[in-house]
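All remarks here apply to the structure that follows.
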Amino acid sequence: MSVPYVVTEAAAGCPVYPASLPRYQDSRARGVLLGREASRIMETEKEKTGGHLGKGRKRRQVPNQLVRATEARRARWAQEDMQPEAKKACLSTVLFAGNCEITHGQLCELLKYAVLGKSIVPRPSWCQIFHLNHLNNVVVFILQGMSQLHFYKFYMEFEFLRKTFRHKFCLPPPSSSFLADIIGLQKKKAGDLPKTSEGSLPSTSSKANINLHDDPIIQKYGSDKVGLTRCLLTMEEMKMFRFPLQGFPDYENFIPTKCNGFVTDNSPLFGLDCEICLTSKGREVTRISLVAEGGCCIMDELVKPDDKIVDYLTRTFQEGNLFNIMACPFVFFIESFSGITKTILNSVTTKLKDVQRQLRTLLPPDAVLVGHLLDLDLRALKMIHPYVIDTSLLYVREKGRRFKLKFLAKAILGKDIHRPNRLGHDATEDARTALELAQYFLKYGPKKIAELNLESLGSHQKLQTAGQKPRNRTEVQHPNTSILECLNSMGQKLLFVAQETDATTKLSSYGNCETIKCLSNKEVFDQARVEVPLFPFSIVQFSFESYSPVLTEEMSKRMKTKWKEMSTVYAGPVSKTCSFRALKRLLKSFGPIQSMSFVLETYQLYLCVQYEVLEAAQLAIESLNGIMVDGIYIKVQRPVTELTLDCDILVNELGRDSENRDTIYLSGVSESFKENMFQQCDHFPGLEAVILPKYLESGKQKKYCFLKFKTSGSAQRALSILTGKDWKLKGRGALTPRHLHEWLRSFSPESRRPPGLRIIPCPSEQQALQTLKSDHPKIAAWHWGQKIGKLYHNMDPGTLCLVLLPGSKSSIYGSLPGLGLMGIKDEEGCTTTGMAL
C-alpha cells in the first residue's frame with residue numbers, strides 16, 4: 001500500500017520528506033526469449049543438416065519447432081492487453097517546498113539530472129523523475145519579458161499552458177544572466193569545457209584498451225555471430241519505440257502489409273526509406289524508396305500528400321554549414337532534409353494509397369524491412385509491418401542514444417552519404433545504406449562491431465569537425481558542471497533558437513551549442529518546428545516587450561484587487577434579530593475569514609465577508625445562496641466590478657486547470673484529521689498528498705486542507721466520502737494552486753478601500769492602460785500559447801518540457817517573480833507507487 005505525502009505550509013515552507021523512493025527494474029519481454037529460442041532452433045537445424053544458411057540464401061522447409069515457437073509468440077502478441085503497460089517517464093505529483101519557489105540553481109540541477117541520470121549526478125532535491133531511462137528529450141521554452149503576473153493577468157488566454165502542464169512553481173526574480181543561471185554558466189567561459197588530451201583516431205589497433213564486455217552491443221547480442229531472427233525487433237521493443245502495431249490505439253486506420261509468413265534466417269531483406277514534408281496534418285510522405293538485397297532499387301516513387309504542404313523541409317548543405325551532420329554524430333532523430341521542392345511535386349499524381357498498394361504487392365510474405373529510424377517511415381506511410389530491423393537500434397548504444405546514419409555509413413562501410421553539395425537527402429541511398437549496415441552486422445557479428453569502438457570514433461570525428469582536440473570520455477560529477485559540459489560528455493549538442501541577444505552571442509562561442517539567431521518570434525517558431533526534433537536538448541526563447549514599470553505596478557495592484565474581490569462575498573439580507581454568532585459560525589465553516597463587516601449603506605442589513613482562500617468563497621456561494629435564515633431567504637454573491645464581471649467563467653476554468661482537477665479542498669478539519677486519514681487510507685485510493693496550511697506566527701494548523709490524488713476520479717470519490725455523514729466536512733474541487741497563495745501574499749500592501757472601488761490610474765498612464773485593455777496583449781498571450789502547443793504536439797512521448805516566464809528585477813520599481821510550468825509528454829496515468837511519509 002502506498003502512503004501519501006504530508007505537506008505542511010508555514011512561513012518559510014516545509015519541504016516534502018519522502019523516507020524512501022520507489023525502485024523499478026525493467027524485465028525482459030517474453031517476445032525476446034521466443035526470438036532467442038527461434039534462433040537456437042535454427043542453429044540446431046543447421047548443425048543437423050550441415051548446411052550454411054548464410055550462403056546462397058536458399059529457402060528450405062521451416063522446422064516444426066520454429067513454427068510452434070512463432071505461433072506461440074503470435075498468440076501472446078494477440079493478448080497484449082493482458083500484459084503490463086510499458087513504463088513511462090513521469091514526474092512526482094508533489095514536487096515543492098511549502099513556498100513553491102524553485103531557485104535557478106535547483107532548475108539547473110534538474111536539467112543536469114535529466115541529461116546524465118542518477119549514476120553520474122545527484123538526484124534533484126526538490127522533485128523526482130520516475131523511470132528516468134524512458135525519458136527521451138528535454139525542451140525548454142523561455143518567454144522572455146513575461147512573469148507570473150502576465151500568466152494570471154491573461155490566464156484565460158494561456159489556455160494550452162494551464163490545461164497541459166500539471167506542475168507549476170514560482171521562480172525568483174531573474175538576474176541579468178537568467179539563461180546562464182539555468183544552464184550553469186554563471187562562472188563559465190567559452191574555453192572552460194573539459195580539457196582533453198591529444199590522441200589519434202581510435203581504430204581496431206587500440207582494441208586492447210577496450211573492455212568488450214561493457215560494450216552495449218556485446219551485452220545485448222553476445223560475442224558470437226547472430227542470425228537474422230535475432231536482429232528483429234521484439235514486440236516490446238516495437239511498442240517502446242512507437243512502431244505501428246495492429247490492434248493498438250492510434251493505428252486503427254493503418255494498412256498492414258501482406259507479410260504473414262514465418263521469418264527465418266533465410267528470409268529476404270529490403271531497405272526502406274522515405275522523404276518527409278510537413279503538412280497541415282503533420283508529417284507526410286513525399287518520396288519512398290525500396291531496395292532489395294544486392295542494392296537493386298525496385299521502387300522509387302514521388303508522392304503528393306493529400307493535405308496542404310506547409311514546409312518541404314528542403315535544406316541545401318554547404319561547406320562549413322552549422323548543420324554538418326558529422327559535427328554531431330549522436331542524436332535521437334535523423335535530420336529530415338528531403339530535397340523535395342514544390343516544382344518537383346507539381347506534376348506528381350501518385351497518392352499515398354497508391355504506394356501502399358504497390359508495397360503490399362512487392363513484399364513477399366516473409367519480408368524483413370530494414371531502415372534507420374524505421375518507425376518514422378512506417379508512421380508516415382500509415383502501414384504496419386511485423387518484421388523489422390532498425391539500424392539505429394541494431395548498433396545499440398548506452399542510455400537510449402543512437403548513432404546517425406551518416407556516421408555509421410562512414411565508420412562501418414567507409415561511405416560518404418548526405419554530401420554537402422547535394423540538395424537534401426537521397427531516399428534510395430539511405431535505404432541502400434541501411435540495408436548494407438544490416439548485412440555487415442550479420443556477416444561480421446557483434447564482436448567485430450565492438451572492436452571498432454564507435455563511441456571513441458564518433459567523439460573524435462565530432463570534435464575534429466568542431467575544431468577541438470579529441471578527448472577521453474569521462475563522467476562529469478562536479479556540482480558546478482554546466483549543462484553544456486554534461487551534453488559534451490555524452491557526445492551531444494545543445495540547440496538554442498532565439499532572437500539575437502547577448503545570450504545568443506555568448507552561447508554561439510561554445511563548440512557543442514548549435515545557436516540559431518532569428519529576426520522575429522515567428523522565425524524562432526519556424527526554426528524550432530524543424531530543428532527541435534533533431535536534438536536531445538533544446539532551448540527555444542521567445543522575446544516580448546516589457547511593460548513600463550509604472551504600468552507593471554498598476555497591473556500588480558489590479559491583480560491583487562481582483563483576487564481579493566473574487567474571495568469576497570456579500571450575504572443578505574439578514575434579520576436584525578438573528579444570532580450573529582451562529583451566522584458567523586456558519587460562514588466560517590466554509591473556510592478561514594480575513595474580515596467580516598456590516599454594510600450600512602443599504603436599507604436591509606448585509607454582511608461583507610472576505611475569505612482567505614477563493615475555494616471558501618466559492619463554497620459559501622454554492623452552499624448558502626437561496627437558503628432561509630431566520631425566515632428570510634438570503635442571497636450570497638460577489639461584488640460586481642469590472643474586475644469580477646467574468647469571474648464565473650474564470651472560476652470554472654480554474655477548476656479545469658491541470659494542477660487543480662486532481663485536488664480537493666476541505667474545510668472543518670481538526671488536528672487529528674491527518675491521523676484519521678492514515679488510519680483509513682484504504683478508503684482513499686490514489687491519495688498522494690495531504691497539504692496542511694499553518695498559521696505563520698503560531699505554527700498552529702489551520703482548519704482547512706487540500707488533498708491531492710492521482711486522478712480526478714479518485715478525487716471526486718474521496719470528496720463524496722469526506723463530505724458525507726461520517727466525516728461531516730465541507731469541500732469542493734480546488735481552484736488555486738499552492739504557488740498562487742504565496743504569490744498573492746508577496747504583493748505589497750495596498751491602501752484600504754471598500755471592495756469594488758474602481759482603480760483610477762494616474763493620468764500619464766491612461767493611454768497605456770487603454771492599450772492594456774485592448775485585444776493586443778490578450779491576442780499575443782493566446783497566439784504564442786497556441787504556438788507552443790503546436791511545438792509540444794510534435795514532440796515524442798517521454799519528452800521533458802518546461803515553460804519558463806522568467807519575471808523581472810528592478811531596484812527602483814520592485815521585482816516581479818517568474819513562473820515555471822513543467823511536465824513530461826504523455827505522463828498522465830503514470831503511477832508512482834511506493835511513496836512513503
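By order in the C-alpha cells, chains are A, B, ...; within a chain, residues start at 1; ligands start at 1, following the order shown.
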
Quiz prompt | 7 Å contact set for Ser808 of chain A, only C-alpha atoms, chain neighbours under 4 positions out, as a PyMOL selection string | solution = chain A and resi 173-174+815-817

Write out as JSON lines the residues of segment 647-726 of chain A that have any atom within 9 Å of an atom of segment 584-592 of chain A, one row each with the nearest atom pair and its distance in Å to one decimal, counting only C-alpha atoms, sorted by chain and then rising number.
```
{"residue": "A:Leu666", "atom": "CA", "partner": "A:Gly591", "partner_atom": "CA", "distance": 8.3}
{"residue": "A:Ser667", "atom": "CA", "partner": "A:Gly591", "partner_atom": "CA", "distance": 5.5}
{"residue": "A:Gly668", "atom": "CA", "partner": "A:Ser589", "partner_atom": "CA", "distance": 6.2}
{"residue": "A:Lys702", "atom": "CA", "partner": "A:Pro592", "partner_atom": "CA", "distance": 8.0}
{"residue": "A:Lys703", "atom": "CA", "partner": "A:Gly591", "partner_atom": "CA", "distance": 7.3}
{"residue": "A:Tyr704", "atom": "CA", "partner": "A:Gly591", "partner_atom": "CA", "distance": 6.5}
```

Practice problem: Can you work out which one of A:Ser175, A:Gln604, A:Thr433, A:Thr391 has the shortest atom-to-atom distance to Pro573 of chain A, counting only C-alpha atoms? | Solution: A:Gln604

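Shortest atom-to-atom contact with Leu272 of chain A among A:Thr428, A:Thr164, A:Thr234, A:Tyr152: A:Thr428, counting only C-alpha atoms.
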
Contacts of segment 136-146 of chain A at 9 Å or less, counting only C-alpha atoms, minus same-chain residues fewer than 4 places along, as a compact mmCIF listing (two decimals) with all heavy atoms, in the first residue's frame?
```
# COMPACT_ATOMS: atom_id res chain seq x y z
N ALA A 89 8.26 7.63 -18.44
CA ALA A 89 8.89 8.61 -17.55
C ALA A 89 7.81 9.53 -17.02
O ALA A 89 6.89 9.92 -17.74
CB ALA A 89 9.94 9.41 -18.31
N LEU A 111 17.81 19.79 -14.74
CA LEU A 111 18.17 19.62 -16.14
C LEU A 111 19.41 18.74 -16.29
O LEU A 111 19.48 17.90 -17.20
CB LEU A 111 18.39 20.98 -16.80
CG LEU A 111 17.15 21.89 -16.87
CD1 LEU A 111 17.50 23.25 -17.45
CD2 LEU A 111 16.05 21.24 -17.70
N ALA A 114 18.37 15.18 -15.76
CA ALA A 114 17.65 14.64 -16.91
C ALA A 114 18.61 14.23 -18.03
O ALA A 114 18.34 13.29 -18.77
CB ALA A 114 16.64 15.67 -17.42
N VAL A 115 19.73 14.95 -18.14
CA VAL A 115 20.71 14.66 -19.21
C VAL A 115 21.58 13.46 -18.85
O VAL A 115 21.77 12.54 -19.66
CB VAL A 115 21.59 15.90 -19.48
CG1 VAL A 115 22.73 15.54 -20.43
CG2 VAL A 115 20.75 17.02 -20.07
N LEU A 132 13.52 7.14 -15.29
CA LEU A 132 14.35 8.12 -16.00
C LEU A 132 14.90 7.58 -17.31
O LEU A 132 15.10 8.33 -18.26
CB LEU A 132 15.50 8.56 -15.08
CG LEU A 132 16.45 9.62 -15.63
CD1 LEU A 132 15.71 10.93 -15.87
CD2 LEU A 132 17.63 9.84 -14.69
N HIS A 150 1.94 38.18 -15.70
CA HIS A 150 1.38 38.06 -17.04
C HIS A 150 0.53 36.80 -17.17
O HIS A 150 -0.53 36.81 -17.81
CB HIS A 150 2.51 38.04 -18.09
CG HIS A 150 3.25 39.32 -18.21
ND1 HIS A 150 4.25 39.68 -17.33
CD2 HIS A 150 3.15 40.35 -19.09
CE1 HIS A 150 4.74 40.85 -17.67
NE2 HIS A 150 4.09 41.28 -18.73
N PHE A 151 1.01 35.70 -16.56
CA PHE A 151 0.27 34.44 -16.69
C PHE A 151 -1.12 34.56 -16.09
O PHE A 151 -2.11 34.12 -16.70
CB PHE A 151 1.05 33.31 -16.02
CG PHE A 151 0.40 31.96 -16.15
CD1 PHE A 151 0.51 31.24 -17.32
CD2 PHE A 151 -0.34 31.42 -15.11
CE1 PHE A 151 -0.09 29.99 -17.46
CE2 PHE A 151 -0.96 30.19 -15.23
CZ PHE A 151 -0.82 29.47 -16.41
N LEU A 179 19.54 33.04 -18.48
CA LEU A 179 19.81 31.84 -19.26
C LEU A 179 21.07 31.14 -18.77
O LEU A 179 21.10 29.91 -18.64
CB LEU A 179 19.94 32.20 -20.74
CG LEU A 179 20.19 31.04 -21.70
CD1 LEU A 179 19.03 30.06 -21.66
CD2 LEU A 179 20.41 31.54 -23.12
N PHE A 332 18.88 11.60 -31.29
CA PHE A 332 17.77 10.68 -31.16
C PHE A 332 16.99 10.57 -32.46
O PHE A 332 16.28 9.63 -32.68
CB PHE A 332 16.82 11.16 -30.06
CG PHE A 332 17.39 11.02 -28.70
CD1 PHE A 332 18.00 12.09 -28.06
CD2 PHE A 332 17.34 9.81 -28.04
CE1 PHE A 332 18.51 11.96 -26.80
CE2 PHE A 332 17.86 9.67 -26.77
CZ PHE A 332 18.44 10.74 -26.15
N GLY A 400 19.97 4.79 -24.35
CA GLY A 400 18.97 5.09 -25.35
C GLY A 400 19.39 6.01 -26.47
O GLY A 400 18.57 6.36 -27.32
N ARG A 401 20.66 6.43 -26.48
CA ARG A 401 21.12 7.30 -27.57
C ARG A 401 21.32 6.49 -28.84
O ARG A 401 21.42 5.27 -28.80
CB ARG A 401 22.41 8.00 -27.17
CG ARG A 401 22.23 8.98 -26.01
CD ARG A 401 23.57 9.50 -25.52
NE ARG A 401 24.36 8.41 -24.94
CZ ARG A 401 25.67 8.34 -25.00
NH1 ARG A 401 26.36 9.24 -25.64
NH2 ARG A 401 26.33 7.34 -24.42
N VAL A 532 13.97 21.32 -33.44
CA VAL A 532 13.83 20.74 -32.09
C VAL A 532 13.78 19.21 -32.11
O VAL A 532 14.43 18.56 -31.27
CB VAL A 532 12.61 21.34 -31.36
CG1 VAL A 532 12.23 20.51 -30.14
CG2 VAL A 532 12.89 22.78 -30.94
N PRO A 533 13.05 18.56 -33.05
CA PRO A 533 13.05 17.08 -33.03
C PRO A 533 14.40 16.45 -33.30
O PRO A 533 14.55 15.24 -33.09
CB PRO A 533 12.05 16.73 -34.16
CG PRO A 533 11.20 17.94 -34.31
CD PRO A 533 12.10 19.09 -34.05
N PHE A 535 17.38 17.31 -31.87
CA PHE A 535 18.36 17.48 -30.80
C PHE A 535 17.82 16.90 -29.50
O PHE A 535 16.62 17.02 -29.21
CB PHE A 535 18.70 18.96 -30.60
CG PHE A 535 19.54 19.55 -31.70
CD1 PHE A 535 18.98 19.96 -32.90
CD2 PHE A 535 20.91 19.70 -31.53
CE1 PHE A 535 19.75 20.50 -33.91
CE2 PHE A 535 21.70 20.24 -32.54
CZ PHE A 535 21.12 20.63 -33.73
N PRO A 536 18.69 16.32 -28.68
CA PRO A 536 18.24 15.77 -27.39
C PRO A 536 17.93 16.83 -26.36
O PRO A 536 17.20 16.57 -25.41
CB PRO A 536 19.42 14.90 -26.95
CG PRO A 536 20.60 15.52 -27.61
CD PRO A 536 20.12 16.05 -28.93
N PHE A 537 18.51 18.04 -26.51
CA PHE A 537 18.28 19.11 -25.53
C PHE A 537 18.13 20.42 -26.31
O PHE A 537 19.03 20.81 -27.06
CB PHE A 537 19.46 19.21 -24.56
CG PHE A 537 19.17 20.05 -23.34
CD1 PHE A 537 18.97 19.45 -22.11
CD2 PHE A 537 19.07 21.42 -23.42
CE1 PHE A 537 18.71 20.22 -20.97
CE2 PHE A 537 18.80 22.20 -22.31
CZ PHE A 537 18.62 21.59 -21.08
N SER A 538 17.01 21.09 -26.14
CA SER A 538 16.74 22.32 -26.90
C SER A 538 16.23 23.41 -25.97
O SER A 538 15.48 23.15 -25.03
CB SER A 538 15.67 22.06 -27.99
OG SER A 538 16.06 21.01 -28.83
N ILE A 539 16.65 24.64 -26.26
CA ILE A 539 16.12 25.83 -25.58
C ILE A 539 15.58 26.76 -26.66
O ILE A 539 16.30 27.14 -27.58
CB ILE A 539 17.20 26.55 -24.75
CG1 ILE A 539 17.74 25.63 -23.65
CG2 ILE A 539 16.64 27.83 -24.14
CD1 ILE A 539 18.86 26.24 -22.83
N VAL A 540 14.30 27.10 -26.55
CA VAL A 540 13.64 27.97 -27.52
C VAL A 540 13.17 29.21 -26.78
O VAL A 540 12.38 29.10 -25.83
CB VAL A 540 12.45 27.27 -28.20
CG1 VAL A 540 11.79 28.19 -29.20
CG2 VAL A 540 12.90 25.98 -28.87
N GLN A 541 13.66 30.37 -27.17
CA GLN A 541 13.34 31.61 -26.45
C GLN A 541 12.55 32.56 -27.33
O GLN A 541 13.00 32.95 -28.40
CB GLN A 541 14.63 32.29 -25.98
CG GLN A 541 14.38 33.61 -25.24
CD GLN A 541 15.64 34.17 -24.62
OE1 GLN A 541 16.22 33.57 -23.72
NE2 GLN A 541 16.09 35.31 -25.12
N PHE A 542 11.34 32.91 -26.86
CA PHE A 542 10.54 33.94 -27.49
C PHE A 542 10.70 35.22 -26.67
O PHE A 542 10.73 35.18 -25.43
CB PHE A 542 9.06 33.54 -27.53
CG PHE A 542 8.79 32.31 -28.34
CD1 PHE A 542 8.60 31.07 -27.74
CD2 PHE A 542 8.73 32.37 -29.72
CE1 PHE A 542 8.35 29.93 -28.48
CE2 PHE A 542 8.48 31.24 -30.49
CZ PHE A 542 8.29 30.02 -29.86
N SER A 543 10.80 36.35 -27.35
CA SER A 543 11.05 37.63 -26.67
C SER A 543 9.85 38.55 -26.82
O SER A 543 9.30 38.69 -27.92
CB SER A 543 12.31 38.31 -27.24
OG SER A 543 13.44 37.47 -27.05
N PHE A 544 9.45 39.19 -25.71
CA PHE A 544 8.30 40.09 -25.71
C PHE A 544 8.70 41.41 -25.04
O PHE A 544 9.50 41.43 -24.11
CB PHE A 544 7.13 39.46 -24.95
CG PHE A 544 6.69 38.15 -25.52
CD1 PHE A 544 7.21 36.95 -25.03
CD2 PHE A 544 5.78 38.08 -26.56
CE1 PHE A 544 6.83 35.73 -25.55
CE2 PHE A 544 5.39 36.87 -27.10
CZ PHE A 544 5.91 35.70 -26.59
N GLU A 545 8.11 42.48 -25.54
CA GLU A 545 8.41 43.80 -25.00
C GLU A 545 7.79 43.95 -23.62
O GLU A 545 6.60 43.65 -23.43
CB GLU A 545 7.87 44.89 -25.93
CG GLU A 545 8.27 46.29 -25.52
CD GLU A 545 7.81 47.34 -26.52
OE1 GLU A 545 7.32 46.95 -27.61
OE2 GLU A 545 7.92 48.54 -26.21
N SER A 546 8.57 44.39 -22.67
CA SER A 546 8.09 44.53 -21.30
C SER A 546 7.23 45.79 -21.17
O SER A 546 7.42 46.78 -21.88
CB SER A 546 9.26 44.60 -20.33
OG SER A 546 10.06 43.44 -20.42
N TYR A 547 6.29 45.74 -20.23
CA TYR A 547 5.51 46.93 -19.92
C TYR A 547 6.36 47.91 -19.12
O TYR A 547 7.35 47.54 -18.49
CB TYR A 547 4.26 46.57 -19.11
CG TYR A 547 3.27 45.72 -19.85
CD1 TYR A 547 2.89 44.48 -19.35
CD2 TYR A 547 2.72 46.14 -21.06
CE1 TYR A 547 1.99 43.68 -20.03
CE2 TYR A 547 1.82 45.36 -21.74
CZ TYR A 547 1.46 44.13 -21.22
OH TYR A 547 0.56 43.35 -21.90
N ILE A 788 3.25 27.35 -28.85
CA ILE A 788 3.97 26.39 -28.02
C ILE A 788 3.24 25.05 -28.04
O ILE A 788 3.86 23.98 -28.06
CB ILE A 788 4.12 26.93 -26.59
CG1 ILE A 788 5.08 28.13 -26.58
CG2 ILE A 788 4.62 25.84 -25.64
CD1 ILE A 788 5.22 28.79 -25.23
N MET A 795 6.45 16.88 -30.37
CA MET A 795 7.47 16.18 -29.58
C MET A 795 7.09 14.72 -29.40
O MET A 795 5.93 14.35 -29.41
CB MET A 795 7.61 16.84 -28.20
CG MET A 795 8.05 18.28 -28.22
SD MET A 795 8.03 18.95 -26.54
CE MET A 795 8.22 20.71 -26.89
N ASP A 796 8.11 13.90 -29.19
CA ASP A 796 7.88 12.49 -28.93
C ASP A 796 7.40 12.29 -27.49
O ASP A 796 7.76 13.07 -26.59
CB ASP A 796 9.16 11.70 -29.15
CG ASP A 796 9.20 11.08 -30.54
OD1 ASP A 796 8.47 11.58 -31.42
OD2 ASP A 796 9.94 10.11 -30.76
N PRO A 797 6.61 11.25 -27.22
CA PRO A 797 6.28 10.91 -25.83
C PRO A 797 7.55 10.71 -25.02
O PRO A 797 8.56 10.23 -25.53
CB PRO A 797 5.48 9.62 -25.97
CG PRO A 797 4.92 9.65 -27.35
CD PRO A 797 5.95 10.35 -28.19
N GLY A 798 7.48 11.07 -23.75
CA GLY A 798 8.66 10.95 -22.90
C GLY A 798 9.57 12.15 -22.94
O GLY A 798 10.68 12.11 -22.41
N THR A 799 9.12 13.26 -23.55
CA THR A 799 9.93 14.49 -23.60
C THR A 799 9.63 15.36 -22.38
O THR A 799 8.47 15.67 -22.11
CB THR A 799 9.63 15.29 -24.87
OG1 THR A 799 10.00 14.52 -26.02
CG2 THR A 799 10.41 16.60 -24.89
N LEU A 800 10.67 15.71 -21.64
CA LEU A 800 10.53 16.64 -20.52
C LEU A 800 10.44 18.05 -21.09
O LEU A 800 11.35 18.51 -21.78
CB LEU A 800 11.73 16.53 -19.57
CG LEU A 800 11.80 17.55 -18.43
CD1 LEU A 800 10.61 17.41 -17.49
CD2 LEU A 800 13.11 17.42 -17.66
N CYS A 801 9.35 18.75 -20.80
CA CYS A 801 9.12 20.08 -21.35
C CYS A 801 8.91 21.08 -20.22
O CYS A 801 8.13 20.83 -19.30
CB CYS A 801 7.89 20.06 -22.27
SG CYS A 801 7.56 21.64 -23.08
N LEU A 802 9.62 22.20 -20.28
CA LEU A 802 9.48 23.28 -19.31
C LEU A 802 9.15 24.57 -20.04
O LEU A 802 9.73 24.85 -21.11
CB LEU A 802 10.76 23.49 -18.50
CG LEU A 802 11.18 22.37 -17.55
CD1 LEU A 802 12.11 21.39 -18.25
CD2 LEU A 802 11.86 22.93 -16.30
N VAL A 803 8.23 25.35 -19.50
CA VAL A 803 7.90 26.68 -20.00
C VAL A 803 8.21 27.66 -18.87
O VAL A 803 7.64 27.56 -17.78
CB VAL A 803 6.42 26.80 -20.40
CG1 VAL A 803 6.13 28.20 -20.94
CG2 VAL A 803 6.07 25.75 -21.45
N LEU A 804 9.14 28.57 -19.13
CA LEU A 804 9.62 29.49 -18.09
C LEU A 804 9.24 30.92 -18.44
O LEU A 804 9.56 31.40 -19.53
CB LEU A 804 11.13 29.37 -17.93
CG LEU A 804 11.69 27.96 -17.66
CD1 LEU A 804 13.20 28.01 -17.55
CD2 LEU A 804 11.07 27.37 -16.41
N LEU A 805 8.55 31.59 -17.52
CA LEU A 805 8.30 33.02 -17.60
C LEU A 805 9.22 33.65 -16.56
O LEU A 805 8.91 33.65 -15.36
CB LEU A 805 6.83 33.35 -17.30
CG LEU A 805 5.78 32.93 -18.34
CD1 LEU A 805 5.61 31.41 -18.36
CD2 LEU A 805 4.44 33.59 -18.07
N PRO A 806 10.38 34.19 -16.96
CA PRO A 806 11.46 34.50 -16.00
C PRO A 806 11.13 35.56 -14.96
O PRO A 806 11.69 35.55 -13.88
CB PRO A 806 12.61 34.97 -16.91
CG PRO A 806 12.28 34.45 -18.27
CD PRO A 806 10.80 34.44 -18.35
N GLY A 807 10.22 36.53 -15.29
CA GLY A 807 9.98 37.65 -14.39
C GLY A 807 10.91 38.81 -14.71
O GLY A 807 11.59 38.84 -15.75
N SER A 808 10.98 39.76 -13.80
CA SER A 808 11.86 40.92 -13.99
C SER A 808 12.38 41.39 -12.65
O SER A 808 11.80 41.10 -11.60
CB SER A 808 11.09 42.06 -14.69
OG SER A 808 10.01 42.50 -13.88
N GLY A 818 9.03 35.09 -11.30
CA GLY A 818 8.68 34.33 -12.50
C GLY A 818 7.81 33.14 -12.18
O GLY A 818 7.43 32.89 -11.03
N LEU A 819 7.49 32.41 -13.22
CA LEU A 819 6.65 31.21 -13.09
C LEU A 819 7.21 30.13 -14.00
O LEU A 819 7.63 30.40 -15.12
CB LEU A 819 5.20 31.52 -13.49
CG LEU A 819 4.22 30.34 -13.42
CD1 LEU A 819 3.93 29.97 -11.97
CD2 LEU A 819 2.91 30.67 -14.14
```

Quiz item: Counting only C-alpha atoms, which of A:Ala616, A:Leu233, A:Ala528, A:Leu228 gets nearest to Leu735 of chain A?
Solution: A:Ala616

Quiz item: Pick the closest to Pro268 of chain A from A:Ile664, A:Cys100, A:Leu373, A:Ala438: which is it, counting only C-alpha atoms?
Solution: A:Ala438

Exercise. Would you mind writing down, as a ChimeraX atom specification, each residue of segment 266-465 of chain A that DSSP on the backbone assigns to alpha helix (DSSP H)?
Key: /A:342-345,352-362,374-381,391-394,405-408,427-451,454-465

Practice problem: Could you check how far atom CA of Gly371 of chain A sits from atom CA of Ile389 of chain A, in Å to one decimal? | Solution: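 Between atom CA of Gly371 of chain A and atom CA of Ile389 of chain A the gap works out to 6.7 Å.
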